[in-house]
Amino acid sequence: MISGMLAWPCAELILYVQSSFPTLLLFNAALGMTIGLFMGGCFGTAEGIIARSRGKAMRGACTGLLIGAAGGLVGFIAGQAALLFIGTTFFSSTKSYEQIGFPLSRAIGWAVFGIFIGTVEGIRSGSSSKVRNGVIGGFIGGILGGFGVEYIRYLSPAGPYARLVGFVVLGFMIGIFYGFIENRLTRARLLLLNGKNRGKEYLLTQKTTRVGESDETEVNLHGYGGVAPVHALIRKERGGYTLADAGAKKGMWVNDSKIEETKLKDGDVLRVGDAQFRFTER
Amino acid sequence: MKRCLLALIVLSVFFAAGLAFSDSVRISQVDNSMLLINQRVRLYISVTDDGGKPVKGLGLENFRAFESTEESGEKERRIRSVHHGVNINDGINLLFVIDNSGSMYWDGSGRVRNSDDESVWRITYAKHAISSILREIKNPLDRVGLVSFNVKIGQNVAPSGNKIETERALSGIKRPTEEEAYTELFETLYRSIESLQTVRGRKVVILLSDGVDFPLDENPHFPVRYGMEGAIELAQKAGISVFTIGLSKKADRGSLSVIAEQTGGVYFSVFEPERLESLYNLIRDQVLNEYLVSYPATMDPATRKRVRVEYLYDGRTGGARGVYFSSTIFGFPWVEVRLVYFVFIPGALLLLFLLSLIKFEKKEKYASLSVLSVSGRRKGRQTLSLGDTRRPVTISVSKDADITVSGVRKRTPEGEVVIEEKDGAFTIVSSGGPVTVNNREVKKKVLRSGDLIRVEDTEIVFNGGKAGPFRP
């Protein structure tokens, strides 16, 4: 939502000076990069903000800005191409096509854009599962948000804030559906059972998930005692997940037995330093 | 008097000269497929002399292009290229749409109506003309198809390079029965155009009819009707030119000429079916000799833009108009930019900053027990604080227990689990069977923060905060 508020005025400014652009391609590139920049940047900072890690937030923002700009560039151009193609198909003066055809073709353009924005987090973290979740979530969020942009504007055609509301809806939808799809499609997760982050769930979407105190880790245990910077690794392998010591020398426990490496089963209780998790696998 | 007469004669000569030296210019198709790639709009333009023959040898200097929108006035665009005969290189898609109503089995004059002599039938001439065209087509990139119709669509062959299939369809056109004696001209045209929508390249429909649109009420073959306007709109958006041929005096000149005019085609009125062959060749010739004129589009925001072309060659002039789709994802810009709209930027940054201050942490002063799941289903927040209890905490199936668990498998109401605190440490003790802590069965265990206790079907998490004052 914040990304929508940031991107909107800048996008409107570019739209206002559309006539000054030499080509449609450059115009769409500028629009796409601007919107992608803000949306990608905000998506990238989310993890860091939740983890209250300034370093993670800043790194996420920088990566998100770059990937978002690139994704916005490609997504917007692809979306515009889809719009031109589909728009030609719906090019008609009948009211029903104007009520359905144009919004549909624009929504598909937004959906293509949403796909690229949704993949920001996956590309940033190098996770193909996250990319997949981002594609699906971004597409659904983009198309629904795109309809939102269209029909809000249809309800209030002269209202300057109609597009802002639509834009916020778009960002909201992409975020919501990204999270929803990620949750539904992730097979395994860790539930933190104690301490200040008690109740937090970590989705195991990457090939290797690092557990530790460092900001670099995916399961960050900053503030928990007895945890090494990178304490353990959880590897996704064919047939399941394996927990391995990352050389912390402080040990790990699974179901109260000390281990160096073991295959995890659904329901296992893991202990890393003072933190305890339950491992769940569907 | 003599001077007046002379002036009149001179004026008449000039007027007639103007008429005689005015070529016919049509925009057959507006192609915006390159708009995003190189900002170019491409116009397929047909220029024919007053005999209907294509004018050849035209170049950049012979055309001028203008673009306008509803909001902005006309702007001249510099034409970048003019290519002649592009359709020869790329091939064309020709779809013959033939009326197969009862009157097509009359002779050319319409006087002989019940003859069994096929040689006099109008349909026979049409078939011969098309066969002849098929034999003449040598370009392997040209594709030909056929649709015949009366009350329904009969033969239906999509354009392809397989001329044998088209010939076979042509031979398959049979005399209609009495029940088929209707003419669904507009609906057939619509569906023919629809079938060409996704075909790539230059697309031309040649519609031949000797009558008028004569639809059957509630025709089951056409449950949805689009009418002439629908067919024209569809042809415009698909960039398909429709050439129409009225094969008798009774042909619907009005409708057929409107269809042709509005789709970049030409209407021909023919009374002698023997002329069909030369007419089909003329149409094909016109399409093959079209010019492809390319110019850079304006960037003015608009859903659709109007194009006007002026033509000048050897004292002869002409003009044509067209439209194309040009909307953008965002649609139209504001009428004016207000600075107040940019307040959202610092507002959003402030929100982001405030969000970063939120601590997504849980702090509990005292140790607690939280029910995590019952029978495998996650429960909401059900927490029992242990800090201010004065007695041991009981967990059992009994309703009097501090935490009542579900599922009676091993445990009797008397077999309860107790959690006691001593010197700041919490110990779990089971009086009945063993209890599972961290997937291990135990009778007694000192609990660590985060230990997962399973009693019957209920999972409970022990969170060790500070131990509260335990007053016996």
# chains A, B, ... in the order shown; residues from 1 in each chain; ligands from 1
$ residues_around --residues "Ile259 (chain B)" --least-positions-apart "5" --cutoff "9 Å" --atoms "only C-alpha atoms" --output "ChimeraX atom specification"
/B:228-229,231-232,242-244,254,264-267
$ interface_residues --of "chain A" --to "chain B" --cutoff "6 Å" --atoms "only C-alpha atoms" --output "PyMOL selection string"
chain A and resi 2+5-6+9+15-16+19+23-25+49+88+91+106+193-194+196-197+255+269+276
$ residues_around --residues "Glu213 (chain A)" --least-positions-apart "3" --cutoff "9 Å" --atoms "only C-alpha atoms" --output "list in words"
Glu216, Thr217, Val219, Asn220, Leu221, His222, Gly223, Tyr224, Val227, Ala228, Pro229, Val230 and His231 of chain A
$ atom_distance --atom1 "CA of Asn289 (chain B)" --atom2 "CA of Val47 (chain B)"
8.4 Å
$ select_by_dssp --residues "region 15-229 of chain A" --states "alpha helix (DSSP H)" --output "ChimeraX atom specification"
/A:15-16,24-50,54-89,95-96,102-118,120-125,128-155,162-185
$ residues_around --residues "region 30-34 of chain A" --least-positions-apart "3" --cutoff "12 Å" --atoms "only C-alpha atoms" --output "compact mmCIF listing (two decimals) with N, CA and C atoms, in the first residue's frame"
# COMPACT_ATOMS: atom_id res chain seq x y z
N SER A 3 3.83 1.43 -1.10
CA SER A 3 4.46 1.54 -2.42
C SER A 3 3.53 2.23 -3.40
N GLY A 4 2.23 1.95 -3.30
CA GLY A 4 1.27 2.61 -4.18
C GLY A 4 1.25 4.12 -3.94
N LEU A 6 3.68 5.91 -2.81
CA LEU A 6 4.94 6.51 -3.27
C LEU A 6 4.97 6.62 -4.78
N ALA A 7 4.50 5.58 -5.43
CA ALA A 7 4.63 5.54 -6.90
C ALA A 7 3.64 6.44 -7.61
N TRP A 8 2.46 6.60 -7.02
CA TRP A 8 1.38 7.30 -7.71
C TRP A 8 1.71 8.71 -8.20
N PRO A 9 2.20 9.64 -7.33
CA PRO A 9 2.43 10.99 -7.84
C PRO A 9 3.49 11.02 -8.95
N CYS A 10 4.50 10.19 -8.80
CA CYS A 10 5.56 10.18 -9.82
C CYS A 10 5.03 9.64 -11.14
N ALA A 11 4.23 8.60 -11.04
CA ALA A 11 3.66 8.03 -12.26
C ALA A 11 2.73 9.03 -12.94
N GLU A 12 1.95 9.73 -12.14
CA GLU A 12 1.02 10.71 -12.71
C GLU A 12 1.78 11.83 -13.41
N LEU A 13 2.93 12.20 -12.84
CA LEU A 13 3.73 13.26 -13.46
C LEU A 13 4.24 12.82 -14.82
N ILE A 14 4.71 11.59 -14.89
CA ILE A 14 5.20 11.05 -16.17
C ILE A 14 4.04 11.00 -17.18
N LEU A 15 2.90 10.59 -16.69
CA LEU A 15 1.71 10.51 -17.56
C LEU A 15 1.35 11.89 -18.08
N TYR A 16 1.51 12.89 -17.22
CA TYR A 16 1.14 14.27 -17.59
C TYR A 16 1.99 14.77 -18.74
N VAL A 17 3.25 14.34 -18.75
CA VAL A 17 4.14 14.80 -19.82
C VAL A 17 4.32 13.76 -20.92
N GLN A 18 3.32 12.92 -21.07
CA GLN A 18 3.39 11.84 -22.07
C GLN A 18 3.74 12.37 -23.46
N PHE A 21 7.39 12.61 -24.64
CA PHE A 21 8.22 11.43 -24.90
C PHE A 21 8.30 11.20 -26.41
N PRO A 22 9.47 10.81 -26.89
CA PRO A 22 9.60 10.58 -28.34
C PRO A 22 8.88 9.32 -28.81
N THR A 23 8.86 8.31 -27.95
CA THR A 23 8.22 7.05 -28.37
C THR A 23 7.41 6.44 -27.24
N LEU A 24 6.48 5.58 -27.63
CA LEU A 24 5.64 4.86 -26.66
C LEU A 24 6.50 3.93 -25.81
N LEU A 25 7.52 3.39 -26.42
CA LEU A 25 8.41 2.46 -25.71
C LEU A 25 9.12 3.16 -24.56
N LEU A 26 9.67 4.33 -24.83
CA LEU A 26 10.37 5.08 -23.78
C LEU A 26 9.40 5.52 -22.68
N PHE A 27 8.24 5.90 -23.12
CA PHE A 27 7.21 6.34 -22.16
C PHE A 27 6.87 5.20 -21.20
N LEU A 37 10.30 0.61 -9.35
CA LEU A 37 11.30 1.06 -8.37
C LEU A 37 10.68 1.15 -6.99
N PHE A 38 9.56 1.84 -6.89
CA PHE A 38 8.93 2.04 -5.59
C PHE A 38 8.34 0.74 -5.05
N MET A 39 7.67 0.01 -5.92
CA MET A 39 7.03 -1.22 -5.43
C MET A 39 8.08 -2.25 -5.04
N GLY A 40 9.10 -2.40 -5.88
CA GLY A 40 10.16 -3.35 -5.58
C GLY A 40 10.90 -2.97 -4.32
N GLY A 41 11.18 -1.68 -4.18
CA GLY A 41 11.89 -1.20 -2.99
C GLY A 41 11.12 -1.50 -1.72
N GLY A 64 15.67 -4.59 -3.97
CA GLY A 64 14.29 -4.44 -4.45
C GLY A 64 14.15 -3.31 -5.45
N LEU A 65 14.86 -2.21 -5.19
CA LEU A 65 14.81 -1.06 -6.11
C LEU A 65 15.29 -1.47 -7.50
N LEU A 66 16.43 -2.17 -7.51
CA LEU A 66 17.01 -2.55 -8.81
C LEU A 66 16.13 -3.57 -9.54
N ILE A 67 15.77 -4.60 -8.80
CA ILE A 67 14.96 -5.65 -9.44
C ILE A 67 13.59 -5.10 -9.80
N GLY A 68 13.04 -4.29 -8.90
CA GLY A 68 11.74 -3.71 -9.16
C GLY A 68 11.75 -2.82 -10.40
N ALA A 69 12.81 -2.01 -10.53
CA ALA A 69 12.92 -1.14 -11.70
C ALA A 69 13.01 -1.98 -12.98
N ALA A 70 13.85 -3.01 -12.93
CA ALA A 70 14.00 -3.87 -14.11
C ALA A 70 12.69 -4.60 -14.39
N GLY A 71 12.10 -5.13 -13.33
CA GLY A 71 10.84 -5.85 -13.49
C GLY A 71 9.73 -4.93 -13.98
N GLY A 72 9.70 -3.72 -13.44
CA GLY A 72 8.69 -2.76 -13.88
C GLY A 72 8.87 -2.40 -15.34
N LEU A 73 10.12 -2.24 -15.74
CA LEU A 73 10.43 -1.91 -17.14
C LEU A 73 9.89 -3.00 -18.06
N VAL A 74 10.28 -4.24 -17.76
CA VAL A 74 9.85 -5.35 -18.62
C VAL A 74 8.35 -5.57 -18.51
N GLY A 75 7.87 -5.54 -17.28
CA GLY A 75 6.45 -5.80 -17.06
C GLY A 75 5.55 -4.79 -17.75
N PHE A 76 5.93 -3.52 -17.66
CA PHE A 76 5.08 -2.48 -18.24
C PHE A 76 5.07 -2.58 -19.76
N ILE A 77 6.25 -2.84 -20.32
CA ILE A 77 6.32 -2.95 -21.78
C ILE A 77 5.52 -4.16 -22.24
N ALA A 78 5.68 -5.27 -21.51
CA ALA A 78 4.91 -6.47 -21.86
C ALA A 78 3.43 -6.22 -21.67
N GLY A 79 3.09 -5.54 -20.60
CA GLY A 79 1.69 -5.21 -20.36
C GLY A 79 1.12 -4.32 -21.44
N GLN A 80 1.89 -3.35 -21.87
CA GLN A 80 1.42 -2.44 -22.93
C GLN A 80 1.25 -3.22 -24.23
N GLY A 109 -2.74 -6.19 -18.57
CA GLY A 109 -1.47 -5.45 -18.57
C GLY A 109 -0.94 -5.32 -17.16
N TRP A 110 -1.80 -4.99 -16.21
CA TRP A 110 -1.38 -4.89 -14.81
C TRP A 110 -0.95 -6.25 -14.27
N VAL A 112 0.50 -8.68 -15.89
CA VAL A 112 1.87 -8.95 -16.35
C VAL A 112 2.86 -8.16 -15.50
N PHE A 113 2.51 -6.93 -15.23
CA PHE A 113 3.35 -6.09 -14.37
C PHE A 113 3.46 -6.71 -12.98
N GLY A 114 2.30 -7.16 -12.45
CA GLY A 114 2.27 -7.76 -11.12
C GLY A 114 3.15 -8.99 -11.03
N PHE A 116 5.97 -9.56 -12.50
CA PHE A 116 7.37 -9.16 -12.32
C PHE A 116 7.61 -8.60 -10.93
N ILE A 117 6.69 -7.80 -10.43
CA ILE A 117 6.88 -7.26 -9.08
C ILE A 117 6.86 -8.39 -8.06
N THR B 328 -3.09 3.46 -23.46
CA THR B 328 -1.98 3.01 -22.61
C THR B 328 -2.54 2.40 -21.33
N ILE B 329 -1.68 1.70 -20.59
CA ILE B 329 -2.15 1.02 -19.38
C ILE B 329 -2.76 2.00 -18.40
N PHE B 330 -2.16 3.16 -18.30
CA PHE B 330 -2.64 4.12 -17.32
C PHE B 330 -3.81 4.95 -17.81
$ residues_around --residues "region 132-140 of chain A" --least-positions-apart "2" --cutoff "12 Å" --atoms "only C-alpha atoms" --output "MDAnalysis selection string"
chainID A and resid 39:40 43 71 75 79 107:124 126:130 142:147 170:186 203 205:206
$ closest_residue --among "B:Phe214, B:Phe66, B:Tyr44, B:Phe271" --to "His84 (chain B)" --atoms "only C-alpha atoms"
B:Tyr44
$ residues_around --residues "Val417 (chain B)" --least-positions-apart "4" --cutoff "8 Å" --atoms "only C-alpha atoms" --output "list in words"
Thr394, Ile395, Ser396, Ile428, Val429, Ser430, Ser431, Gly432 and Val435 of chain B
$ select_by_dssp --residues "region 96-321 of chain B" --states "strand (DSSP E)" --output "VMD selection string"
chain B and resid 96 to 99 143 to 149 153 to 160 202 to 209 240 to 246 267 to 269 291 to 296 304 to 313 316 to 321
